[in-house]
2 protein chains.
Amino acid sequence: MKETVGAASGLVRLTFLVQNLYAEVGRGCDLTAAQAQMLCTLAGRSVGMAELSGLLCLERSSLTGLVDRAQQRGLVVRENDPHDRRAVKVTLTPEGSKALHRFNDELTERLDKLLADLPATERDRFAKTLNRVIADSSAVFAD
Amino acid sequence: MKETVGAASGLVRLTFLVQNLYAEVGRGCDLTAAQAQMLCTLAGRSVGMAELSGLLCLERSSLTGLVDRAQQRGLVVRENDPHDRRAVKVTLTPEGSKALHRFNDELTERLDKLLADLPATERDRFAKTLNRVIADSSAVFAD
DNA sequence: CAAATTACTTCGTGCCACGAACAATCACAA
DNA sequence: TTGTGATTGTTCGTGGCACGAAGTAATTTG
């Protein structure tokens, strides 16, 4: 059971792991993965639907429903943009903010535990590489 | 835009990236993420529903539908287990196998591209750490 | 001001995942 | 051998997610 695996395949497996963790923690907070993702993106700011759909890599029509459901659960509100009467800004409610923090704390804890067995140097190096990969490739999103 | 991020948060972002890649490549092969995941798991062997649901971290009832749809698309077949008349074994069809390879090749290529800018040493170290994290935590699944 | 663009929503479709309830089969023990 | 209890897989109902096409309202542009 000492099978080693290429970088690509490793990435896929890691993704699978993290995804499951994400979902599991979400369930503990009564959040779906999509909702949690959205809350994270909204942390501390209001975001218009168009921008939000870009950030989440979703079609606008998909986002409408997502926001609807989150709003019904009281996690989020739609507000009017005074400068543009077409536009809508999505904002966390205090409820939503609380849920987000609960989720985030729990998730961070679980993820850190995932890396806990690594020697400090290795973990640091890993984090650094992680950052680099992210930075490189989210250059796609760069403004 | 030089913001650095903790390991946990980095993991989440990386996961998001890979997930999107996964979905995108899947769409190119006319596969959903769930289907692709299943095909990968079936590579080269027959697996019973119960075991498969374990491997994919799905409820059995969820799997039934997934297999149904995959079967309708000719990716997969259900076969009877001669030793247990309750059991069903799921197997790739030649079609499914072909789809899997197409998917896998494309995905691997895209993922490697993601890491292409890393110096070789860093990439190797990254892969090694990846393997370790996976091994540690999929000890959960260990048989 | 008319036309093109932008922001968002609605609608219809298909997929995904869950849990509860169920039928068939198997394993084992009395 | 005949229960009894576990295991295998399915069905059904519910809710959520995501897409694309089409539509409405407001803004921008020529």
# chains A, B, ... in the order shown; residues from 1 in each chain; ligands from 1

call {"tool": "closest_atom_pairs", "arguments": {"of": "chain B", "to": "chain C", "cutoff": "8 Å", "atoms": "only C-alpha atoms (C1' of nucleotides)", "output": "CSV"}}
result
residue,atom,partner,partner_atom,distance
B:Leu58,CA,C:DA17,C1',7.8
B:Glu59,CA,C:DC18,C1',7.5
B:Ser62,CA,C:DA17,C1',5.7
B:Asp84,CA,C:DT25,C1',7.7
B:Arg85,CA,C:DT25,C1',6.5
B:Arg86,CA,C:DT25,C1',5.6

call {"tool": "write_last_selection", "arguments": {"atoms": "N, CA and C atoms", "output": "PDB file, in the first residue's frame"}}
result
ATOM      1  N   LEU B  58     -20.496   8.055  -1.503  1.00  0.00           N
ATOM      2  CA  LEU B  58     -21.883   8.334  -1.856  1.00  0.00           C
ATOM      3  C   LEU B  58     -22.803   7.346  -1.162  1.00  0.00           C
ATOM      4  N   GLU B  59     -24.017   7.738  -0.899  1.00  0.00           N
ATOM      5  CA  GLU B  59     -25.012   6.784  -0.447  1.00  0.00           C
ATOM      6  C   GLU B  59     -25.327   5.827  -1.582  1.00  0.00           C
ATOM      7  N   SER B  62     -27.849   7.095  -4.014  1.00  0.00           N
ATOM      8  CA  SER B  62     -27.352   8.072  -4.974  1.00  0.00           C
ATOM      9  C   SER B  62     -26.656   7.378  -6.122  1.00  0.00           C
ATOM     10  N   ASP B  84     -23.140 -14.352  -5.748  1.00  0.00           N
ATOM     11  CA  ASP B  84     -24.100 -13.695  -4.858  1.00  0.00           C
ATOM     12  C   ASP B  84     -25.176 -13.061  -5.716  1.00  0.00           C
ATOM     13  N   ARG B  85     -26.341 -13.651  -5.656  1.00  0.00           N
ATOM     14  CA  ARG B  85     -27.374 -13.206  -6.580  1.00  0.00           C
ATOM     15  C   ARG B  85     -27.963 -11.846  -6.234  1.00  0.00           C
ATOM     16  N   ARG B  86     -27.615 -11.347  -5.049  1.00  0.00           N
ATOM     17  CA  ARG B  86     -28.046  -9.979  -4.750  1.00  0.00           C
ATOM     18  C   ARG B  86     -27.154  -8.980  -5.457  1.00  0.00           C
TER      19      ARG B  86
END

call {"tool": "interface_residues", "arguments": {"of": "chain D", "to": "chain B", "cutoff": "12 Å", "atoms": "only C-alpha atoms (C1' of nucleotides)", "output": "PyMOL selection string"}}
result
chain D and resi 7-12+18-19

call {"tool": "interface_residues", "arguments": {"of": "chain A", "to": "chain B", "cutoff": "10 Å", "atoms": "only C-alpha atoms", "output": "PDB file with C-alpha atoms, in the first residue's frame"}}
result
ATOM      1  CA  MET A   1       0.000   0.000   0.000  1.00  0.00           C
ATOM      2  CA  LYS A   2       2.966   2.253  -0.690  1.00  0.00           C
ATOM      3  CA  GLU A   3       1.834   3.325  -4.087  1.00  0.00           C
ATOM      4  CA  THR A   4       3.140   6.659  -5.215  1.00  0.00           C
ATOM      5  CA  VAL A   5       1.295   8.727  -7.710  1.00  0.00           C
ATOM      6  CA  GLY A   6       2.096  11.499 -10.173  1.00  0.00           C
ATOM      7  CA  ALA A   7       1.554  15.129  -9.387  1.00  0.00           C
ATOM      8  CA  ALA A   8      -1.580  15.394 -11.481  1.00  0.00           C
ATOM      9  CA  SER A   9      -3.224  12.383  -9.964  1.00  0.00           C
ATOM     10  CA  GLY A  10      -2.178  13.558  -6.538  1.00  0.00           C
ATOM     11  CA  LEU A  11      -3.879  16.850  -7.141  1.00  0.00           C
ATOM     12  CA  VAL A  12      -7.060  15.092  -8.094  1.00  0.00           C
ATOM     13  CA  ARG A  13      -7.065  12.957  -4.996  1.00  0.00           C
ATOM     14  CA  LEU A  14      -6.295  15.846  -2.758  1.00  0.00           C
ATOM     15  CA  THR A  15      -9.121  17.766  -4.346  1.00  0.00           C
ATOM     16  CA  PHE A  16     -11.452  14.895  -3.672  1.00  0.00           C
ATOM     17  CA  LEU A  17     -10.413  14.844  -0.040  1.00  0.00           C
ATOM     18  CA  VAL A  18     -10.820  18.546   0.460  1.00  0.00           C
ATOM     19  CA  GLN A  19     -14.130  18.560  -1.351  1.00  0.00           C
ATOM     20  CA  ASN A  20     -15.508  15.918   0.950  1.00  0.00           C
ATOM     21  CA  TYR A  22     -15.840  20.879   2.656  1.00  0.00           C
ATOM     22  CA  GLN A  37     -18.511  29.018  -1.223  1.00  0.00           C
ATOM     23  CA  LEU A  56     -17.866  31.740  -8.378  1.00  0.00           C
ATOM     24  CA  CYS A  57     -17.555  30.674 -12.004  1.00  0.00           C
ATOM     25  CA  ASN A 104     -14.570  28.775   8.292  1.00  0.00           C
ATOM     26  CA  LEU A 107     -12.940  23.959   8.040  1.00  0.00           C
ATOM     27  CA  THR A 108      -9.632  25.563   8.863  1.00  0.00           C
ATOM     28  CA  GLU A 109      -9.268  23.348  11.851  1.00  0.00           C
ATOM     29  CA  ARG A 110      -9.972  20.229   9.854  1.00  0.00           C
ATOM     30  CA  LEU A 111      -7.645  21.244   7.067  1.00  0.00           C
ATOM     31  CA  ASP A 112      -4.855  22.091   9.431  1.00  0.00           C
ATOM     32  CA  LYS A 113      -5.283  18.711  10.957  1.00  0.00           C
ATOM     33  CA  LEU A 114      -4.787  17.257   7.520  1.00  0.00           C
ATOM     34  CA  LEU A 115      -1.360  18.850   7.413  1.00  0.00           C
ATOM     35  CA  ALA A 116      -0.547  18.425  11.044  1.00  0.00           C
ATOM     36  CA  ASP A 117       1.671  15.420  10.569  1.00  0.00           C
ATOM     37  CA  LEU A 118       3.982  17.200   8.191  1.00  0.00           C
ATOM     38  CA  GLU A 122       7.784  20.701   4.656  1.00  0.00           C
ATOM     39  CA  ARG A 123       4.474  22.263   5.510  1.00  0.00           C
ATOM     40  CA  ASP A 124       5.818  25.740   4.947  1.00  0.00           C
ATOM     41  CA  ARG A 125       7.293  24.794   1.651  1.00  0.00           C
ATOM     42  CA  PHE A 126       4.045  23.184   0.666  1.00  0.00           C
ATOM     43  CA  ALA A 127       2.074  26.281   1.535  1.00  0.00           C
ATOM     44  CA  LYS A 128       4.486  28.397  -0.407  1.00  0.00           C
ATOM     45  CA  THR A 129       4.173  26.273  -3.509  1.00  0.00           C
ATOM     46  CA  LEU A 130       0.441  26.279  -3.080  1.00  0.00           C
ATOM     47  CA  ASN A 131       0.428  30.029  -3.086  1.00  0.00           C
ATOM     48  CA  ARG A 132       2.510  30.138  -6.149  1.00  0.00           C
ATOM     49  CA  VAL A 133       0.325  27.764  -8.099  1.00  0.00           C
ATOM     50  CA  ILE A 134      -2.756  29.673  -7.105  1.00  0.00           C
ATOM     51  CA  ALA A 135      -1.245  32.998  -7.970  1.00  0.00           C
ATOM     52  CA  ASP A 136      -0.040  31.801 -11.336  1.00  0.00           C
ATOM     53  CA  SER A 137      -3.267  30.340 -12.424  1.00  0.00           C
ATOM     54  CA  SER A 138      -5.716  32.739 -10.931  1.00  0.00           C
ATOM     55  CA  ALA A 142      -6.729  38.886 -12.711  1.00  0.00           C
ATOM     56  CA  ASP A 143      -8.180  42.326 -12.951  1.00  0.00           C
TER      57      ASP A 143
END

call {"tool": "select_by_dssp", "arguments": {"residues": "chain A", "states": "helix (DSSP H, G or I)", "output": "ChimeraX atom specification"}}
result
/A:7-28,33-42,49-56,60-72,94-115,120-140

call {"tool": "write_last_selection", "arguments": {"atoms": "C-alpha atoms", "output": "mmCIF file, in the first residue's frame"}}
result
data_model
loop_
_atom_site.group_PDB
_atom_site.id
_atom_site.type_symbol
_atom_site.label_atom_id
_atom_site.label_comp_id
_atom_site.auth_asym_id
_atom_site.auth_seq_id
_atom_site.Cartn_x
_atom_site.Cartn_y
_atom_site.Cartn_z
ATOM 1 C CA ALA A 7 1.554 15.129 -9.387
ATOM 2 C CA ALA A 8 -1.580 15.394 -11.481
ATOM 3 C CA SER A 9 -3.224 12.383 -9.964
ATOM 4 C CA GLY A 10 -2.178 13.558 -6.538
ATOM 5 C CA LEU A 11 -3.879 16.850 -7.141
ATOM 6 C CA VAL A 12 -7.060 15.092 -8.094
ATOM 7 C CA ARG A 13 -7.065 12.957 -4.996
ATOM 8 C CA LEU A 14 -6.295 15.846 -2.758
ATOM 9 C CA THR A 15 -9.121 17.766 -4.346
ATOM 10 C CA PHE A 16 -11.452 14.895 -3.672
ATOM 11 C CA LEU A 17 -10.413 14.844 -0.040
ATOM 12 C CA VAL A 18 -10.820 18.546 0.460
ATOM 13 C CA GLN A 19 -14.130 18.560 -1.351
ATOM 14 C CA ASN A 20 -15.508 15.918 0.950
ATOM 15 C CA LEU A 21 -14.253 17.750 3.971
ATOM 16 C CA TYR A 22 -15.840 20.879 2.656
ATOM 17 C CA ALA A 23 -19.169 19.181 2.198
ATOM 18 C CA GLU A 24 -18.990 17.517 5.569
ATOM 19 C CA VAL A 25 -18.203 20.679 7.446
ATOM 20 C CA GLY A 26 -20.901 22.409 5.471
ATOM 21 C CA ARG A 27 -23.471 19.893 6.560
ATOM 22 C CA GLY A 28 -22.510 20.487 10.141
ATOM 23 C CA ALA A 33 -21.026 23.485 -0.613
ATOM 24 C CA ALA A 34 -22.278 26.082 -3.054
ATOM 25 C CA GLN A 35 -23.705 28.212 -0.270
ATOM 26 C CA ALA A 36 -20.536 28.017 1.771
ATOM 27 C CA GLN A 37 -18.511 29.018 -1.223
ATOM 28 C CA MET A 38 -20.726 31.986 -1.775
ATOM 29 C CA LEU A 39 -20.587 33.109 1.821
ATOM 30 C CA CYS A 40 -16.800 32.971 1.703
ATOM 31 C CA THR A 41 -16.782 35.153 -1.340
ATOM 32 C CA LEU A 42 -19.069 37.681 0.317
ATOM 33 C CA MET A 49 -24.665 39.539 -9.083
ATOM 34 C CA ALA A 50 -22.567 39.831 -12.208
ATOM 35 C CA GLU A 51 -19.317 40.081 -10.354
ATOM 36 C CA LEU A 52 -20.302 37.324 -7.989
ATOM 37 C CA SER A 53 -21.133 34.981 -10.799
ATOM 38 C CA GLY A 54 -17.685 35.653 -12.189
ATOM 39 C CA LEU A 55 -16.007 34.980 -8.877
ATOM 40 C CA LEU A 56 -17.866 31.740 -8.378
ATOM 41 C CA ARG A 60 -25.968 34.303 -13.757
ATOM 42 C CA SER A 61 -29.061 32.237 -14.017
ATOM 43 C CA SER A 62 -27.532 29.708 -11.655
ATOM 44 C CA LEU A 63 -26.608 32.399 -9.216
ATOM 45 C CA THR A 64 -30.125 33.770 -9.041
ATOM 46 C CA GLY A 65 -31.365 30.532 -7.544
ATOM 47 C CA LEU A 66 -28.443 30.200 -5.212
ATOM 48 C CA VAL A 67 -29.003 33.666 -3.824
ATOM 49 C CA ASP A 68 -32.736 33.039 -3.617
ATOM 50 C CA ARG A 69 -32.278 30.025 -1.426
ATOM 51 C CA ALA A 70 -29.642 31.682 0.715
ATOM 52 C CA GLN A 71 -31.904 34.665 1.148
ATOM 53 C CA GLN A 72 -34.810 32.489 2.200
ATOM 54 C CA PRO A 94 -25.469 38.911 10.621
ATOM 55 C CA GLU A 95 -26.816 35.364 10.470
ATOM 56 C CA GLY A 96 -24.885 34.686 7.334
ATOM 57 C CA SER A 97 -21.770 36.159 8.786
ATOM 58 C CA LYS A 98 -22.084 33.974 11.821
ATOM 59 C CA ALA A 99 -22.598 30.880 9.715
ATOM 60 C CA LEU A 100 -19.600 31.798 7.638
ATOM 61 C CA HIS A 101 -17.388 32.101 10.647
ATOM 62 C CA ARG A 102 -18.540 28.859 12.078
ATOM 63 C CA PHE A 103 -17.911 27.173 8.797
ATOM 64 C CA ASN A 104 -14.570 28.775 8.292
ATOM 65 C CA ASP A 105 -13.251 27.986 11.738
ATOM 66 C CA GLU A 106 -14.295 24.406 11.531
ATOM 67 C CA LEU A 107 -12.940 23.959 8.040
ATOM 68 C CA THR A 108 -9.632 25.563 8.863
ATOM 69 C CA GLU A 109 -9.268 23.348 11.851
ATOM 70 C CA ARG A 110 -9.972 20.229 9.854
ATOM 71 C CA LEU A 111 -7.645 21.244 7.067
ATOM 72 C CA ASP A 112 -4.855 22.091 9.431
ATOM 73 C CA LYS A 113 -5.283 18.711 10.957
ATOM 74 C CA LEU A 114 -4.787 17.257 7.520
ATOM 75 C CA LEU A 115 -1.360 18.850 7.413
ATOM 76 C CA ALA A 120 7.107 22.293 9.825
ATOM 77 C CA THR A 121 9.588 22.911 7.057
ATOM 78 C CA GLU A 122 7.784 20.701 4.656
ATOM 79 C CA ARG A 123 4.474 22.263 5.510
ATOM 80 C CA ASP A 124 5.818 25.740 4.947
ATOM 81 C CA ARG A 125 7.293 24.794 1.651
ATOM 82 C CA PHE A 126 4.045 23.184 0.666
ATOM 83 C CA ALA A 127 2.074 26.281 1.535
ATOM 84 C CA LYS A 128 4.486 28.397 -0.407
ATOM 85 C CA THR A 129 4.173 26.273 -3.509
ATOM 86 C CA LEU A 130 0.441 26.279 -3.080
ATOM 87 C CA ASN A 131 0.428 30.029 -3.086
ATOM 88 C CA ARG A 132 2.510 30.138 -6.149
ATOM 89 C CA VAL A 133 0.325 27.764 -8.099
ATOM 90 C CA ILE A 134 -2.756 29.673 -7.105
ATOM 91 C CA ALA A 135 -1.245 32.998 -7.970
ATOM 92 C CA ASP A 136 -0.040 31.801 -11.336
ATOM 93 C CA SER A 137 -3.267 30.340 -12.424
ATOM 94 C CA SER A 138 -5.716 32.739 -10.931
ATOM 95 C CA ALA A 139 -3.958 35.221 -13.125
ATOM 96 C CA VAL A 140 -6.795 34.099 -15.343
#

call {"tool": "calpha_fit_and_write", "arguments": {"fixed": "chain A", "moving": "chain B", "output": "tab-separated table (two decimals) with C-alpha atoms, in the first residue's frame"}}
result
chain	number	residue	atom	x	y	z
B	1	MET	CA	0.13	-0.05	-0.13
B	2	LYS	CA	3.09	2.24	-0.80
B	3	GLU	CA	1.93	3.33	-4.18
B	4	THR	CA	3.19	6.71	-5.28
B	5	VAL	CA	1.30	8.78	-7.73
B	6	GLY	CA	2.11	11.55	-10.20
B	7	ALA	CA	1.55	15.17	-9.37
B	8	ALA	CA	-1.58	15.43	-11.50
B	9	SER	CA	-3.20	12.41	-9.99
B	10	GLY	CA	-2.17	13.58	-6.56
B	11	LEU	CA	-3.89	16.87	-7.15
B	12	VAL	CA	-7.06	15.10	-8.11
B	13	ARG	CA	-7.07	12.96	-5.02
B	14	LEU	CA	-6.31	15.86	-2.78
B	15	THR	CA	-9.15	17.76	-4.35
B	16	PHE	CA	-11.46	14.88	-3.68
B	17	LEU	CA	-10.42	14.83	-0.06
B	18	VAL	CA	-10.83	18.53	0.46
B	19	GLN	CA	-14.14	18.54	-1.35
B	20	ASN	CA	-15.51	15.89	0.95
B	21	LEU	CA	-14.26	17.73	3.98
B	22	TYR	CA	-15.86	20.85	2.66
B	23	ALA	CA	-19.18	19.15	2.21
B	24	GLU	CA	-19.00	17.49	5.58
B	25	VAL	CA	-18.21	20.66	7.47
B	26	GLY	CA	-20.91	22.39	5.48
B	27	ARG	CA	-23.47	19.88	6.56
B	28	GLY	CA	-22.51	20.47	10.15
B	29	CYS	CA	-23.40	24.14	9.66
B	30	ASP	CA	-26.47	23.40	7.57
B	31	LEU	CA	-24.80	24.84	4.49
B	32	THR	CA	-24.41	23.29	1.09
B	33	ALA	CA	-21.05	23.48	-0.60
B	34	ALA	CA	-22.30	26.08	-3.02
B	35	GLN	CA	-23.71	28.20	-0.25
B	36	ALA	CA	-20.55	28.01	1.79
B	37	GLN	CA	-18.52	29.01	-1.23
B	38	MET	CA	-20.73	31.99	-1.77
B	39	LEU	CA	-20.60	33.11	1.84
B	40	CYS	CA	-16.81	32.96	1.73
B	41	THR	CA	-16.80	35.15	-1.33
B	42	LEU	CA	-19.07	37.67	0.31
B	43	ALA	CA	-17.00	38.00	3.46
B	44	GLY	CA	-16.86	41.63	4.46
B	45	ARG	CA	-18.24	43.24	1.33
B	46	SER	CA	-21.17	43.64	-0.98
B	47	VAL	CA	-20.92	42.14	-4.41
B	48	GLY	CA	-23.12	42.54	-7.44
B	49	MET	CA	-24.65	39.51	-9.12
B	50	ALA	CA	-22.56	39.81	-12.24
B	51	GLU	CA	-19.30	40.07	-10.36
B	52	LEU	CA	-20.31	37.32	-8.00
B	53	SER	CA	-21.14	34.97	-10.81
B	54	GLY	CA	-17.69	35.64	-12.17
B	55	LEU	CA	-16.01	34.96	-8.87
B	56	LEU	CA	-17.89	31.73	-8.36
B	57	CYS	CA	-17.57	30.65	-11.98
B	58	LEU	CA	-21.31	30.32	-12.33
B	59	GLU	CA	-23.81	31.47	-14.91
B	60	ARG	CA	-25.94	34.32	-13.76
B	61	SER	CA	-29.05	32.27	-14.02
B	62	SER	CA	-27.55	29.72	-11.66
B	63	LEU	CA	-26.64	32.38	-9.20
B	64	THR	CA	-30.15	33.76	-9.03
B	65	GLY	CA	-31.40	30.54	-7.51
B	66	LEU	CA	-28.47	30.19	-5.19
B	67	VAL	CA	-29.02	33.67	-3.81
B	68	ASP	CA	-32.76	33.05	-3.59
B	69	ARG	CA	-32.29	30.04	-1.40
B	70	ALA	CA	-29.65	31.71	0.73
B	71	GLN	CA	-31.90	34.69	1.17
B	72	GLN	CA	-34.81	32.53	2.23
B	73	ARG	CA	-32.57	31.06	4.88
B	74	GLY	CA	-31.67	34.52	6.05
B	75	LEU	CA	-28.00	34.26	5.21
B	76	VAL	CA	-27.93	37.03	2.70
B	77	VAL	CA	-29.87	40.05	1.45
B	78	ARG	CA	-30.23	41.78	-1.86
B	79	GLU	CA	-29.76	45.52	-1.77
B	80	ASN	CA	-30.32	48.14	-4.41
B	81	ASP	CA	-27.40	49.91	-5.90
B	82	PRO	CA	-28.17	53.62	-5.72
B	83	HIS	CA	-26.06	54.32	-8.79
B	84	ASP	CA	-27.61	51.72	-11.05
B	85	ARG	CA	-31.19	50.73	-10.76
B	86	ARG	CA	-30.62	47.50	-12.62
B	87	ALA	CA	-27.96	46.30	-10.27
B	88	VAL	CA	-28.36	44.31	-7.10
B	89	LYS	CA	-25.79	43.94	-4.39
B	90	VAL	CA	-25.63	40.83	-2.30
B	91	THR	CA	-24.56	41.18	1.32
B	92	LEU	CA	-24.20	38.87	4.27
B	93	THR	CA	-26.71	39.22	7.05
B	94	PRO	CA	-25.43	38.93	10.62
B	95	GLU	CA	-26.79	35.37	10.47
B	96	GLY	CA	-24.85	34.69	7.35
B	97	SER	CA	-21.74	36.16	8.78
B	98	LYS	CA	-22.05	33.99	11.83
B	99	ALA	CA	-22.58	30.89	9.74
B	100	LEU	CA	-19.58	31.80	7.64
B	101	HIS	CA	-17.37	32.10	10.66
B	102	ARG	CA	-18.52	28.86	12.10
B	103	PHE	CA	-17.91	27.16	8.81
B	104	ASN	CA	-14.56	28.77	8.31
B	105	ASP	CA	-13.25	27.97	11.74
B	106	GLU	CA	-14.30	24.38	11.54
B	107	LEU	CA	-12.94	23.93	8.04
B	108	THR	CA	-9.64	25.53	8.86
B	109	GLU	CA	-9.27	23.32	11.86
B	110	ARG	CA	-9.98	20.20	9.86
B	111	LEU	CA	-7.64	21.21	7.09
B	112	ASP	CA	-4.85	22.06	9.45
B	113	LYS	CA	-5.30	18.67	10.98
B	114	LEU	CA	-4.79	17.23	7.53
B	115	LEU	CA	-1.36	18.81	7.42
B	116	ALA	CA	-0.55	18.39	11.06
B	117	ASP	CA	1.69	15.37	10.56
B	118	LEU	CA	3.99	17.19	8.20
B	119	PRO	CA	7.24	18.52	9.58
B	120	ALA	CA	7.09	22.28	9.85
B	121	THR	CA	9.58	22.93	7.09
B	122	GLU	CA	7.76	20.71	4.67
B	123	ARG	CA	4.45	22.25	5.54
B	124	ASP	CA	5.77	25.74	4.97
B	125	ARG	CA	7.27	24.82	1.67
B	126	PHE	CA	4.01	23.19	0.69
B	127	ALA	CA	2.05	26.29	1.57
B	128	LYS	CA	4.46	28.41	-0.38
B	129	THR	CA	4.14	26.29	-3.48
B	130	LEU	CA	0.41	26.29	-3.05
B	131	ASN	CA	0.39	30.06	-3.06
B	132	ARG	CA	2.47	30.16	-6.13
B	133	VAL	CA	0.30	27.80	-8.08
B	134	ILE	CA	-2.79	29.69	-7.08
B	135	ALA	CA	-1.27	33.02	-7.96
B	136	ASP	CA	-0.07	31.80	-11.33
B	137	SER	CA	-3.31	30.36	-12.41
B	138	SER	CA	-5.75	32.75	-10.92
B	139	ALA	CA	-3.99	35.24	-13.11
B	140	VAL	CA	-6.78	34.10	-15.35
B	141	PHE	CA	-9.16	36.01	-13.14
B	142	ALA	CA	-6.78	38.88	-12.68
B	143	ASP	CA	-8.24	42.31	-12.90

call {"tool": "select_by_dssp", "arguments": {"residues": "stretch 17-130 of chain B", "states": "strand (DSSP E)", "output": "ChimeraX atom specification"}}
result
/B:47-48,76-81,84-92

call {"tool": "decode", "arguments": {"residues": "stretch 5-22 of chain C", "atoms": "C-alpha atoms (C1' of nucleotides)", "output": "mmCIF file, in the first residue's frame"}}
result
data_model
loop_
_atom_site.group_PDB
_atom_site.id
_atom_site.type_symbol
_atom_site.label_atom_id
_atom_site.label_comp_id
_atom_site.auth_asym_id
_atom_site.auth_seq_id
_atom_site.Cartn_x
_atom_site.Cartn_y
_atom_site.Cartn_z
ATOM 1 C "C1'" DT C 5 -25.415 46.871 -24.053
ATOM 2 C "C1'" DT C 6 -25.752 45.481 -19.345
ATOM 3 C "C1'" DA C 7 -27.960 43.532 -15.067
ATOM 4 C "C1'" DC C 8 -30.823 40.388 -13.488
ATOM 5 C "C1'" DT C 9 -34.826 37.088 -13.601
ATOM 6 C "C1'" DT C 10 -37.847 33.340 -15.298
ATOM 7 C "C1'" DC C 11 -38.570 28.941 -17.166
ATOM 8 C "C1'" DG C 12 -37.660 24.333 -18.555
ATOM 9 C "C1'" DT C 13 -34.437 20.533 -18.360
ATOM 10 C "C1'" DG C 14 -31.317 17.301 -16.452
ATOM 11 C "C1'" DC C 15 -28.274 15.863 -13.026
ATOM 12 C "C1'" DC C 16 -26.909 14.949 -8.154
ATOM 13 C "C1'" DA C 17 -27.487 13.534 -3.394
ATOM 14 C "C1'" DC C 18 -29.959 12.311 0.591
ATOM 15 C "C1'" DG C 19 -32.997 9.355 3.708
ATOM 16 C "C1'" DA C 20 -36.830 6.190 4.408
ATOM 17 C "C1'" DA C 21 -38.954 2.134 3.027
ATOM 18 C "C1'" DC C 22 -38.757 -2.175 0.532
#
